[in-house]
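Colleague: data_25.txt (compact mmCIF, C-alpha atoms and all ligand atoms) pasted underneath:
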# COMPACT_ATOMS: atom_id res chain seq x y z
CA MET Y 245 35.24 3.07 12.53
CA GLY Y 246 33.06 4.94 10.04
CA VAL Y 247 29.41 4.46 10.99
CA VAL Y 248 26.44 5.59 8.91
CA LEU Y 249 22.93 5.79 10.37
CA GLY Y 250 20.40 4.70 7.76
CA ILE Y 251 16.67 5.47 7.72
CA GLU Y 252 14.02 3.83 5.52
CA SER Y 253 10.34 4.87 5.37
CA SER Y 254 9.32 4.79 1.70
CA CYS Y 255 6.60 2.14 1.95
CA ASP Y 256 5.26 0.12 4.87
CA GLU Y 257 8.40 -0.60 6.89
CA THR Y 258 9.81 1.94 9.32
CA ALA Y 259 13.48 1.06 9.72
CA ALA Y 260 16.76 2.34 11.14
CA ALA Y 261 20.21 0.75 11.07
CA LEU Y 262 23.85 1.47 11.82
CA VAL Y 263 26.35 0.09 9.28
CA THR Y 264 30.14 0.44 9.26
CA HIS Y 265 32.33 1.04 6.22
CA ASP Y 266 33.60 -2.55 6.56
CA ARG Y 267 30.13 -4.08 6.20
CA ARG Y 268 29.19 -4.65 9.82
CA ILE Y 269 25.55 -4.07 10.71
CA LEU Y 270 26.00 -2.81 14.29
CA ALA Y 271 22.28 -2.53 14.96
CA GLU Y 272 19.09 -2.78 12.97
CA ARG Y 273 15.39 -2.40 13.77
CA ILE Y 274 12.37 -2.72 11.52
CA ALA Y 275 8.81 -1.87 12.56
CA SER Y 276 6.45 -3.49 10.08
CA GLN Y 277 3.02 -1.99 9.46
CA VAL Y 278 1.51 -5.21 8.17
CA ASP Y 279 -1.18 -5.29 10.88
CA GLU Y 280 -2.32 -1.73 10.15
CA HIS Y 281 -2.66 -2.26 6.39
CA ALA Y 282 -3.89 -5.87 6.36
CA PRO Y 283 -7.61 -4.98 6.76
CA TYR Y 284 -7.37 -2.91 3.55
CA GLY Y 285 -5.54 -5.57 1.50
CA GLY Y 286 -2.70 -3.17 0.66
CA VAL Y 287 -0.70 -0.18 1.85
CA VAL Y 288 -2.79 2.91 2.71
CA PRO Y 289 -0.49 5.95 2.27
CA GLU Y 290 -2.02 8.10 5.05
CA ILE Y 291 -1.86 5.26 7.57
CA ALA Y 292 1.74 4.56 6.53
CA ALA Y 293 2.83 8.19 6.95
CA ARG Y 294 1.28 8.43 10.41
CA ALA Y 295 2.83 5.15 11.54
CA HIS Y 296 6.27 6.25 10.29
CA SER Y 297 6.03 9.55 12.16
CA GLU Y 298 5.02 7.80 15.40
CA ARG Y 299 7.70 5.13 15.26
CA LEU Y 300 10.77 6.52 13.60
CA ALA Y 301 12.25 8.70 16.35
CA PRO Y 302 12.09 5.97 19.05
CA LEU Y 303 13.47 3.46 16.53
CA VAL Y 304 16.53 5.63 15.86
CA GLN Y 305 17.17 5.91 19.60
CA GLU Y 306 16.81 2.13 19.94
CA VAL Y 307 19.43 1.31 17.30
CA LEU Y 308 21.86 3.78 18.88
CA ASP Y 309 21.21 2.17 22.29
CA ASP Y 310 21.56 -1.34 20.83
CA ALA Y 311 24.99 -0.43 19.44
CA GLY Y 312 26.01 1.51 22.53
CA LEU Y 313 26.55 4.64 20.42
CA THR Y 314 25.27 8.21 20.31
CA LEU Y 315 24.56 10.52 17.40
CA ALA Y 316 28.03 11.99 17.89
CA ASP Y 317 29.55 8.60 16.94
CA CYS Y 318 27.87 8.60 13.52
CA ASP Y 319 29.79 9.89 10.50
CA ALA Y 320 26.75 10.60 8.37
CA ILE Y 321 22.95 10.28 8.27
CA ALA Y 322 21.52 8.53 5.22
CA ALA Y 323 17.79 8.44 4.49
CA THR Y 324 15.63 7.29 1.61
CA ALA Y 325 14.62 10.46 -0.27
CA GLY Y 326 12.53 8.63 -2.89
CA PRO Y 327 11.03 7.02 -4.84
CA GLY Y 328 8.10 5.89 -2.73
CA LEU Y 329 4.96 7.04 -0.94
CA ILE Y 330 5.69 10.72 -0.49
CA GLY Y 331 4.26 11.10 3.04
CA GLY Y 332 6.47 8.35 4.42
CA VAL Y 333 9.54 9.50 2.50
CA MET Y 334 9.09 13.01 3.93
CA VAL Y 335 8.90 11.69 7.50
CA GLY Y 336 12.20 9.83 7.07
CA LEU Y 337 13.96 12.64 5.25
CA VAL Y 338 12.84 15.34 7.72
CA THR Y 339 13.98 13.17 10.61
CA ALA Y 340 17.37 12.69 8.94
CA LYS Y 341 17.67 16.43 8.31
CA ALA Y 342 16.91 17.19 11.95
CA LEU Y 343 19.53 14.66 13.13
CA ALA Y 344 22.09 15.96 10.63
CA MET Y 345 21.49 19.52 11.77
CA ALA Y 346 21.48 18.71 15.48
CA GLY Y 347 24.61 16.56 15.24
CA ASP Y 348 26.36 18.65 12.58
CA LYS Y 349 26.65 15.56 10.37
CA PRO Y 350 26.57 15.18 6.58
CA LEU Y 351 23.14 14.30 5.15
CA LEU Y 352 22.97 11.66 2.41
CA ALA Y 353 19.69 11.62 0.45
CA VAL Y 354 19.61 8.07 -0.88
CA ASN Y 355 17.60 6.70 -3.79
CA HIS Y 356 15.69 3.69 -2.40
CA LEU Y 357 16.43 1.80 -5.63
CA GLU Y 358 20.13 2.49 -5.20
CA GLY Y 359 19.79 0.95 -1.74
CA HIS Y 360 18.39 -2.23 -3.30
CA ALA Y 361 20.94 -2.11 -6.15
CA LEU Y 362 23.97 -1.92 -3.83
CA SER Y 363 22.60 -4.21 -1.08
CA PRO Y 364 24.28 -7.29 -2.61
CA ARG Y 365 27.67 -5.63 -2.01
CA LEU Y 366 26.87 -5.23 1.68
CA ALA Y 367 26.41 -9.00 1.90
CA ASP Y 368 29.19 -9.97 -0.52
CA ALA Y 369 32.51 -8.13 -0.26
CA ALA Y 370 33.83 -9.91 -3.36
CA LEU Y 371 31.07 -8.63 -5.64
CA GLN Y 372 32.63 -6.08 -7.97
CA PHE Y 373 31.27 -3.68 -10.57
CA PRO Y 374 29.92 -4.09 -13.18
CA TYR Y 375 27.16 -6.60 -12.45
CA ALA Y 376 23.77 -7.35 -13.95
CA LEU Y 377 20.94 -6.66 -11.54
CA LEU Y 378 17.40 -7.95 -11.59
CA LEU Y 379 15.54 -5.54 -9.29
CA VAL Y 380 12.15 -6.97 -8.44
CA SER Y 381 10.01 -5.42 -5.71
CA GLY Y 382 6.45 -4.31 -5.09
CA GLY Y 383 6.92 -1.11 -7.07
CA HIS Y 384 9.73 -1.94 -9.49
CA CYS Y 385 10.72 -4.54 -12.03
CA GLN Y 386 13.91 -3.69 -13.87
CA ILE Y 387 17.04 -5.17 -15.39
CA LEU Y 388 20.02 -2.89 -14.79
CA ARG Y 389 23.72 -2.93 -15.44
CA VAL Y 390 25.29 -1.62 -12.23
CA GLU Y 391 28.48 0.01 -13.41
CA GLY Y 392 29.51 1.81 -10.23
CA VAL Y 393 28.08 3.89 -7.41
CA GLY Y 394 25.62 6.30 -9.06
CA ARG Y 395 26.14 4.67 -12.47
CA TYR Y 396 23.20 2.55 -13.53
CA SER Y 397 22.18 1.61 -17.03
CA ARG Y 398 18.60 0.37 -17.32
CA LEU Y 399 17.99 -2.24 -19.98
CA ALA Y 400 14.41 -3.17 -19.12
CA THR Y 401 11.43 -2.11 -17.08
CA THR Y 402 7.77 -3.10 -16.82
CA ILE Y 403 5.11 -1.67 -19.09
CA ASP Y 404 2.41 -2.26 -16.48
CA ASP Y 405 2.70 -4.08 -13.12
CA ALA Y 406 5.84 -4.79 -11.10
CA LEU Y 407 6.59 -8.44 -10.33
CA GLY Y 408 5.89 -8.07 -6.59
CA GLU Y 409 2.63 -6.36 -7.48
CA ALA Y 410 1.69 -9.38 -9.60
CA PHE Y 411 2.37 -11.66 -6.61
CA ASP Y 412 0.31 -9.35 -4.37
CA LYS Y 413 -2.62 -9.24 -6.80
CA THR Y 414 -2.55 -13.02 -7.24
CA ALA Y 415 -2.61 -13.36 -3.46
CA LYS Y 416 -5.63 -11.07 -3.29
CA ILE Y 417 -7.46 -13.07 -5.97
CA LEU Y 418 -6.75 -16.29 -4.06
CA GLY Y 419 -7.88 -14.68 -0.80
CA LEU Y 420 -4.45 -14.99 0.78
CA GLY Y 421 -4.36 -11.43 2.07
CA TYR Y 422 -1.47 -9.03 2.32
CA PRO Y 423 1.52 -9.15 1.99
CA GLY Y 424 1.01 -11.51 -0.89
CA GLY Y 425 4.38 -12.72 -2.13
CA PRO Y 426 5.34 -14.98 0.79
CA ALA Y 427 1.78 -16.38 0.97
CA VAL Y 428 1.73 -17.26 -2.75
CA GLU Y 429 5.13 -18.91 -2.46
CA LYS Y 430 3.98 -20.98 0.51
CA LEU Y 431 0.78 -22.14 -1.22
CA ALA Y 432 2.70 -22.86 -4.45
CA ARG Y 433 4.86 -25.43 -2.65
CA GLY Y 434 1.86 -27.76 -2.47
CA GLY Y 435 0.75 -27.22 -6.08
CA ASP Y 436 1.62 -28.39 -9.60
CA PRO Y 437 3.34 -25.65 -11.64
CA ARG Y 438 2.14 -27.25 -14.90
CA ALA Y 439 -1.48 -27.81 -13.89
CA VAL Y 440 -2.94 -24.49 -15.05
CA PRO Y 441 -2.24 -23.02 -18.51
CA LEU Y 442 -1.29 -19.36 -18.02
CA PRO Y 443 0.17 -16.82 -20.45
CA ARG Y 444 3.79 -15.63 -20.40
CA PRO Y 445 3.36 -11.98 -21.50
CA LEU Y 446 6.06 -10.61 -23.85
CA VAL Y 447 8.01 -13.89 -23.88
CA GLY Y 448 9.70 -14.07 -27.26
CA SER Y 449 9.62 -10.30 -27.79
CA GLY Y 450 12.90 -8.78 -28.96
CA GLU Y 451 13.02 -6.13 -26.26
CA PRO Y 452 13.68 -7.27 -22.69
CA HIS Y 453 10.77 -5.43 -21.01
CA PHE Y 454 8.25 -6.99 -18.62
CA SER Y 455 4.46 -7.14 -18.53
CA PHE Y 456 2.37 -8.86 -15.87
CA ALA Y 457 -1.14 -7.36 -16.22
CA GLY Y 458 -2.27 -10.09 -18.64
CA LEU Y 459 -0.97 -12.81 -16.34
CA LYS Y 460 -2.92 -11.35 -13.44
CA SER Y 461 -6.14 -11.20 -15.52
CA ALA Y 462 -5.63 -14.83 -16.54
CA VAL Y 463 -5.21 -15.83 -12.89
CA MET Y 464 -8.48 -14.07 -12.13
CA ARG Y 465 -10.35 -15.89 -14.93
CA VAL Y 466 -8.93 -19.26 -13.95
CA HIS Y 467 -9.84 -18.73 -10.32
CA GLU Y 468 -13.39 -17.66 -11.20
CA SER Y 469 -13.85 -20.76 -13.39
CA GLY Y 470 -13.48 -22.91 -10.28
CA GLU Y 471 -11.76 -25.62 -12.32
CA HIS Y 472 -8.42 -25.59 -10.50
CA ALA Y 473 -7.16 -25.95 -6.96
CA ASP Y 474 -5.76 -22.75 -5.47
CA ALA Y 475 -2.38 -24.40 -4.82
CA ASP Y 476 -2.12 -25.33 -8.52
CA ILE Y 477 -3.03 -21.78 -9.53
CA ALA Y 478 -0.39 -20.36 -7.17
CA ALA Y 479 2.28 -22.78 -8.40
CA SER Y 480 1.40 -22.20 -12.07
CA PHE Y 481 1.40 -18.43 -11.58
CA GLN Y 482 4.80 -18.55 -9.90
CA GLN Y 483 6.17 -20.72 -12.71
CA ALA Y 484 4.80 -18.34 -15.36
CA ALA Y 485 6.42 -15.40 -13.54
CA ILE Y 486 9.75 -17.23 -13.36
CA ASP Y 487 9.58 -18.19 -17.05
CA CYS Y 488 8.96 -14.52 -17.95
CA VAL Y 489 11.90 -13.34 -15.87
CA ILE Y 490 14.34 -15.88 -17.32
CA ASP Y 491 13.23 -15.19 -20.91
CA ARG Y 492 13.51 -11.40 -20.44
CA LEU Y 493 16.96 -11.76 -18.86
CA GLY Y 494 18.04 -13.88 -21.82
CA VAL Y 495 17.11 -11.03 -24.18
CA ALA Y 496 18.80 -8.42 -21.96
CA PHE Y 497 22.05 -10.38 -21.90
CA GLU Y 498 22.15 -10.46 -25.72
CA THR Y 499 23.04 -6.76 -25.79
CA MET Y 500 24.56 -6.22 -22.33
CA PRO Y 501 28.31 -5.49 -22.19
CA PRO Y 502 30.23 -8.03 -20.05
CA VAL Y 503 29.55 -8.26 -16.30
CA TYR Y 504 31.10 -10.14 -13.40
CA ALA Y 505 27.90 -11.57 -11.94
CA LEU Y 506 24.14 -11.82 -12.04
CA VAL Y 507 22.55 -10.37 -8.93
CA VAL Y 508 18.96 -10.22 -7.71
CA ALA Y 509 17.60 -7.67 -5.24
CA GLY Y 510 14.24 -6.36 -4.00
CA GLY Y 511 11.44 -8.10 -2.13
CA VAL Y 512 10.73 -10.79 -4.74
CA ALA Y 513 14.37 -11.89 -4.42
CA ALA Y 514 13.18 -13.54 -1.20
CA ASN Y 515 11.34 -16.12 -3.35
CA ALA Y 516 13.28 -19.39 -3.19
CA ALA Y 517 11.95 -20.80 -6.48
CA MET Y 518 12.92 -17.56 -8.25
CA ARG Y 519 16.40 -17.67 -6.73
CA GLY Y 520 16.86 -21.27 -7.86
CA ALA Y 521 15.86 -20.47 -11.44
CA LEU Y 522 18.17 -17.43 -11.50
CA GLU Y 523 21.07 -19.47 -10.20
CA ASP Y 524 20.54 -22.05 -12.98
CA PHE Y 525 20.28 -19.27 -15.59
CA ALA Y 526 23.51 -17.64 -14.37
CA ALA Y 527 25.25 -21.02 -14.61
CA THR Y 528 24.26 -21.31 -18.29
CA LEU Y 529 26.09 -17.99 -18.84
CA GLY Y 530 29.06 -19.10 -16.76
CA LEU Y 531 28.42 -16.26 -14.31
CA PRO Y 532 28.41 -16.34 -10.52
CA PHE Y 533 25.00 -15.66 -9.00
CA SER Y 534 24.60 -13.49 -5.93
CA ALA Y 535 21.51 -12.81 -3.84
CA PRO Y 536 21.52 -10.94 -0.56
CA PRO Y 537 20.15 -12.75 2.51
CA MET Y 538 16.35 -12.55 2.86
CA ALA Y 539 16.46 -9.74 5.44
CA LEU Y 540 18.37 -7.53 3.01
CA CYS Y 541 16.00 -8.30 0.10
CA THR Y 542 12.84 -6.75 1.49
CA ASP Y 543 12.83 -3.10 2.55
CA ASN Y 544 15.33 -2.36 5.30
CA ALA Y 545 17.53 0.46 6.57
CA ALA Y 546 20.85 -1.39 6.44
CA MET Y 547 20.80 -1.13 2.65
CA ILE Y 548 20.19 2.63 2.91
CA ALA Y 549 23.06 3.06 5.38
CA TRP Y 550 25.24 0.93 3.09
CA ALA Y 551 24.35 3.02 0.02
CA GLY Y 552 25.45 6.00 2.14
CA GLN Y 553 28.76 4.26 2.88
CA GLU Y 554 29.24 3.53 -0.82
CA ARG Y 555 28.56 7.18 -1.70
CA LEU Y 556 31.05 8.40 0.91
CA ALA Y 557 33.70 5.95 -0.28
CA ALA Y 558 33.14 6.99 -3.90
CA GLY Y 559 33.70 10.64 -2.93
CA PHE Y 560 30.16 11.92 -3.42
CA ALA Y 561 29.35 15.20 -1.66
CA ALA Y 562 26.78 15.40 1.12
CA ASP Y 563 23.33 16.68 0.17
CA PRO Y 564 22.10 20.14 1.20
CA LEU Y 565 19.64 20.28 4.11
CA ASP Y 566 16.91 21.61 1.79
CA VAL Y 567 17.07 18.56 -0.52
CA SER Y 568 13.55 17.51 -1.57
CA ALA Y 569 11.76 14.21 -1.25
CA ARG Y 570 11.07 12.71 -4.67
CA PRO Y 571 8.03 10.45 -5.26
CA ARG Y 572 9.58 9.43 -8.60
CA TRP Y 573 13.34 9.09 -9.03
CA PRO Y 574 14.60 6.78 -11.79
CA LEU Y 575 18.05 5.23 -11.31
CA ASP Y 576 18.84 5.78 -14.98
CA PRO Y 577 17.20 9.05 -16.09
CA ASP Y 578 18.54 8.54 -19.63
CA ALA Y 579 16.83 5.19 -20.21
CA ALA Y 580 14.32 5.17 -23.03
CA PRO Y 581 10.78 4.55 -21.78
CA ALA Y 582 9.36 1.11 -22.50
CA ARG Y 583 6.69 0.89 -25.17
CA GLY Y 584 3.30 1.48 -23.55
CA ALA Y 585 4.89 2.29 -20.21
CA GLY Y 586 2.47 3.82 -17.76
CA VAL Y 587 3.18 5.69 -14.57
CA LYS Y 588 5.69 3.24 -13.14
CA ALA Y 589 9.36 4.10 -13.49
O1 LIG C 601 11.43 -4.45 -1.77
P1 LIG C 601 10.14 -4.59 -1.04
O2 LIG C 601 10.16 -5.00 0.40
O3 LIG C 601 9.31 -3.27 -1.11
C1 LIG C 601 9.27 -2.46 -2.25
O4 LIG C 601 10.18 -1.61 -2.41
O5 LIG C 601 8.33 -2.69 -3.06
O6 LIG C 601 9.28 -5.63 -1.89
C2 LIG C 601 7.99 -6.02 -1.47
C3 LIG C 601 7.42 -6.93 -2.53
C4 LIG C 601 5.95 -7.26 -2.30
O7 LIG C 601 5.25 -7.12 -3.52
C5 LIG C 601 5.98 -8.70 -1.83
O8 LIG C 601 4.81 -9.42 -2.14
C6 LIG C 601 7.17 -9.24 -2.58
O9 LIG C 601 8.12 -8.18 -2.54
N1 LIG C 601 7.71 -10.44 -1.93
C7 LIG C 601 7.70 -11.66 -2.49
C8 LIG C 601 8.23 -12.56 -1.52
N2 LIG C 601 8.55 -11.83 -0.40
C9 LIG C 601 8.23 -10.54 -0.68
N3 LIG C 601 7.29 -12.08 -3.69
C10 LIG C 601 7.40 -13.39 -3.97
N4 LIG C 601 7.87 -14.32 -3.08
C11 LIG C 601 8.31 -13.94 -1.87
N5 LIG C 601 8.77 -14.85 -1.00
ZN ZN C 602 12.03 -1.66 -1.83
Mind turning the file's structure into structure tokens?
Ligand code: KG4
Ligand code: ZN

Modeller:
Amino acid sequence: MGVVLGIESSCDETAAALVTHDRRILAERIASQVDEHAPYGGVVPEIAARAHSERLAPLVQEVLDDAGLTLADCDAIAATAGPGLIGGVMVGLVTAKALAMAGDKPLLAVNHLEGHALSPRLADAALQFPYALLLVSGGHCQILRVEGVGRYSRLATTIDDALGEAFDKTAKILGLGYPGGPAVEKLARGGDPRAVPLPRPLVGSGEPHFSFAGLKSAVMRVHESGEHADADIAASFQQAAIDCVIDRLGVAFETMPPVYALVVAGGVAANAAMRGALEDFAATLGLPFSAPPMALCTDNAAMIAWAGQERLAAGFAADPLDVSARPRWPLDPDAAPARGAGVKA
């Protein structure tokens, strides 16, 4: 039946899943580390790495048990090999190498971003290449043209913060704790998105890149002024973020060769207001809009197993057992850096 075991450990979720070539998720488990990191208001890399190493092996056994399978039934082992917090990535990759060696199975070292980029095709069998992808997570904020497995053309990236990071920082300013995105969205539901004047960084610029640092600083100033209700700040921030995304997409589409669909992936794709705005934008272009179900948007192992399936189907070779973990690993190494881009790929 063609089963790939997927492993994800690049940030604060330890996850394992079994996915078939015909898009069935046979078993899936995610151990979140939210409770461990919450006291620090963000992910602490050392705590994450230790938690991954404690939980991953039992988690793999649990998904095999859930599916009634053994390692021998798996056709390949796929693990995130980067980009991400290097300690966690190494735990996942070493575990995958050990399983591949013990079971004499091919090892697939998967780019976490490729997992996000292909996740919509796990949920939607009709989605064909090429498609436009808005990839918005805690660490990444990019517009890509997904041309095929392993073929990604990056049109835009962020010159400072990622969109999920902007949600997380806004949550911190408003005292909502971590993880921030869902908390900001919840608070925004009771607020007025036009109540607080906030900037829309780079809106109107001719290049489709993103910037959110100025928006975050404005949120901080507005909050300190004490003149606005937190719900109004959250709603106005979310609206500003959405306006930026739609404007930047508009610029990207001016130069993008034709695509079959607009797709969103990554943790921020779980935001319902963002999804609604993207759906409306796609309609103005006459394009179908596709977003994976919530559970496939945030970090998970099914998307890593699926990326492995896609690589096998596309005829990619297995990776050698000495393949390295990569803290940075751009999907499109040829993309020109954005003006003023810092350390974020
Ligand atoms: O893809 P993901 O799980 O991990 C990374 O690879 O970064 O994305 C996590 C990010 C966090 O910044 C989180 O605050 C954001 O996605 N996020 C949201 C929502 N759910 C998660 N942002 C806005 N609204 C949401 N509902
Ligand atoms: Zn992610």

Colleague: Tell me, in Å to one decimal, how far atom CA of Ala539 of chain Y is from atom CA of Gly511 of chain Y.

Modeller: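 Separation of atom CA of Ala539 of chain Y and atom CA of Gly511 of chain Y: 9.2 Å.
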
Colleague: What is the atom CA of Ala579 of chain Y-atom CA of Tyr396 of chain Y distance in Å, reported with one decimal?

Modeller: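 Answer for the atom CA of Ala579 of chain Y to atom CA of Tyr396 of chain Y separation: 9.6 Å.
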
Colleague: For ligand ZN 602 (chain C), which of Y:Ala275, Y:Pro452, Y:Glu468, Y:Val512 is the closest residue, counting only C-alpha atoms and all ligand atoms?

Modeller: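 Among Y:Ala275, Y:Pro452, Y:Glu468, Y:Val512, it is Y:Val512 that comes nearest to ligand ZN 602 (chain C).
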
Colleague: Restricting the calculation to all atoms listed in the file: of Y:Tyr375, Y:Trp550, Y:Phe481, Y:Phe454, which residue gets closest to ligand LIG 601 (chain C)?

Modeller: Y:Phe481

Colleague: Please, which residues in segment 355-425 of chain Y fall within 7 Å of segment 542-549 of chain Y when counting only C-alpha atoms, and what is the closest atom pair and distance in Å to one decimal for each, ordered by chain then residue number, as a Markdown table?

Modeller:
| residue | atom | partner | partner_atom | distance |
| --- | --- | --- | --- | --- |
| Y:Gly359 | CA | Y:Ile548 | CA | 5.0 |
| Y:His360 | CA | Y:Met547 | CA | 6.5 |
| Y:Ser363 | CA | Y:Met547 | CA | 5.2 |

Colleague: All residues within 12 Å of ligand ZN 602 (chain C) are required, counting all atoms listed in the file; please report them as a PyMOL selection string.

Modeller: chain Y and resi 252-259+324+326-329+355-361+363+379-385+406+408-409+509-514+539-545+547-548

Colleague: Would you compute the box with edges along x, y and z of the file around ligand LIG 601 (chain C), including every atom the file lists for it and 4 Å extra on each side, and give its centre and edge lengths in Å to one decimal, as AutoDock Vina command-line options?

Modeller:
--center_x 8.1 --center_y -8.2 --center_z -1.8 --size_x 14.6 --size_y 21.2 --size_z 12.4

Colleague: Between Y:Asp412, Y:Glu280, Y:Asp563, Y:Asp436, which is the closest to ligand LIG 601 (chain C) once you count all atoms listed in the file?

Modeller: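 Nearest candidate to ligand LIG 601 (chain C) out of Y:Asp412, Y:Glu280, Y:Asp563, Y:Asp436: Y:Asp412.
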
Colleague: Which polymer residues, whether protein, DNA or RNA, lie within 10 Å of the coordinate (-3.6, -7.5, 5.4) when you count only C-alpha atoms? List them as a ChimeraX atom specification, using the chain letters and numbers from the file.

Modeller: /Y:277-287,416,420-424

Colleague: Check the smallest atom-to-atom distance from each of Y:Arg570, Y:Arg444, Y:Arg267, Y:Arg519 to ligand LIG 601 (chain C) using all atoms listed in the file, then report the winner.

Modeller: Y:Arg519

Colleague: Give me segment 538-552 of chain Y with N, CA and C atoms filled in, as an mmCIF file, in the frame of the given file.

Modeller:
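Dumped to result.cif:
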data_model
loop_
_atom_site.group_PDB
_atom_site.id
_atom_site.type_symbol
_atom_site.label_atom_id
_atom_site.label_comp_id
_atom_site.auth_asym_id
_atom_site.auth_seq_id
_atom_site.Cartn_x
_atom_site.Cartn_y
_atom_site.Cartn_z
ATOM 1 N N MET Y 538 17.760 -12.969 2.898
ATOM 2 C CA MET Y 538 16.350 -12.550 2.860
ATOM 3 C C MET Y 538 16.124 -11.177 3.512
ATOM 4 N N ALA Y 539 16.731 -10.967 4.680
ATOM 5 C CA ALA Y 539 16.460 -9.740 5.440
ATOM 6 C C ALA Y 539 16.938 -8.500 4.698
ATOM 7 N N LEU Y 540 17.893 -8.674 3.786
ATOM 8 C CA LEU Y 540 18.370 -7.530 3.010
ATOM 9 C C LEU Y 540 17.603 -7.369 1.698
ATOM 10 N N CYS Y 541 16.768 -8.370 1.346
ATOM 11 C CA CYS Y 541 16.000 -8.300 0.100
ATOM 12 C C CYS Y 541 14.792 -7.388 0.241
ATOM 13 N N THR Y 542 14.002 -7.608 1.281
ATOM 14 C CA THR Y 542 12.840 -6.750 1.490
ATOM 15 C C THR Y 542 13.320 -5.421 2.093
ATOM 16 N N ASP Y 543 12.414 -4.436 2.135
ATOM 17 C CA ASP Y 543 12.830 -3.100 2.550
ATOM 18 C C ASP Y 543 13.457 -3.102 3.936
ATOM 19 N N ASN Y 544 14.587 -2.401 4.049
ATOM 20 C CA ASN Y 544 15.330 -2.360 5.300
ATOM 21 C C ASN Y 544 16.197 -1.114 5.311
ATOM 22 N N ALA Y 545 16.724 -0.759 6.474
ATOM 23 C CA ALA Y 545 17.530 0.460 6.570
ATOM 24 C C ALA Y 545 19.013 0.182 6.421
ATOM 25 N N ALA Y 546 19.427 -1.081 6.599
ATOM 26 C CA ALA Y 546 20.850 -1.390 6.440
ATOM 27 C C ALA Y 546 21.296 -1.097 5.011
ATOM 28 N N MET Y 547 20.414 -1.387 4.049
ATOM 29 C CA MET Y 547 20.800 -1.130 2.650
ATOM 30 C C MET Y 547 20.907 0.374 2.377
ATOM 31 N N ILE Y 548 20.124 1.170 3.095
ATOM 32 C CA ILE Y 548 20.190 2.630 2.910
ATOM 33 C C ILE Y 548 21.479 3.161 3.547
ATOM 34 N N ALA Y 549 21.797 2.663 4.748
ATOM 35 C CA ALA Y 549 23.060 3.060 5.380
ATOM 36 C C ALA Y 549 24.240 2.634 4.518
ATOM 37 N N TRP Y 550 24.144 1.420 3.933
ATOM 38 C CA TRP Y 550 25.240 0.930 3.090
ATOM 39 C C TRP Y 550 25.403 1.778 1.826
ATOM 40 N N ALA Y 551 24.275 2.136 1.205
ATOM 41 C CA ALA Y 551 24.350 3.020 0.020
ATOM 42 C C ALA Y 551 25.041 4.327 0.414
ATOM 43 N N GLY Y 552 24.756 4.803 1.647
ATOM 44 C CA GLY Y 552 25.450 6.000 2.140
ATOM 45 C C GLY Y 552 26.947 5.756 2.251
#
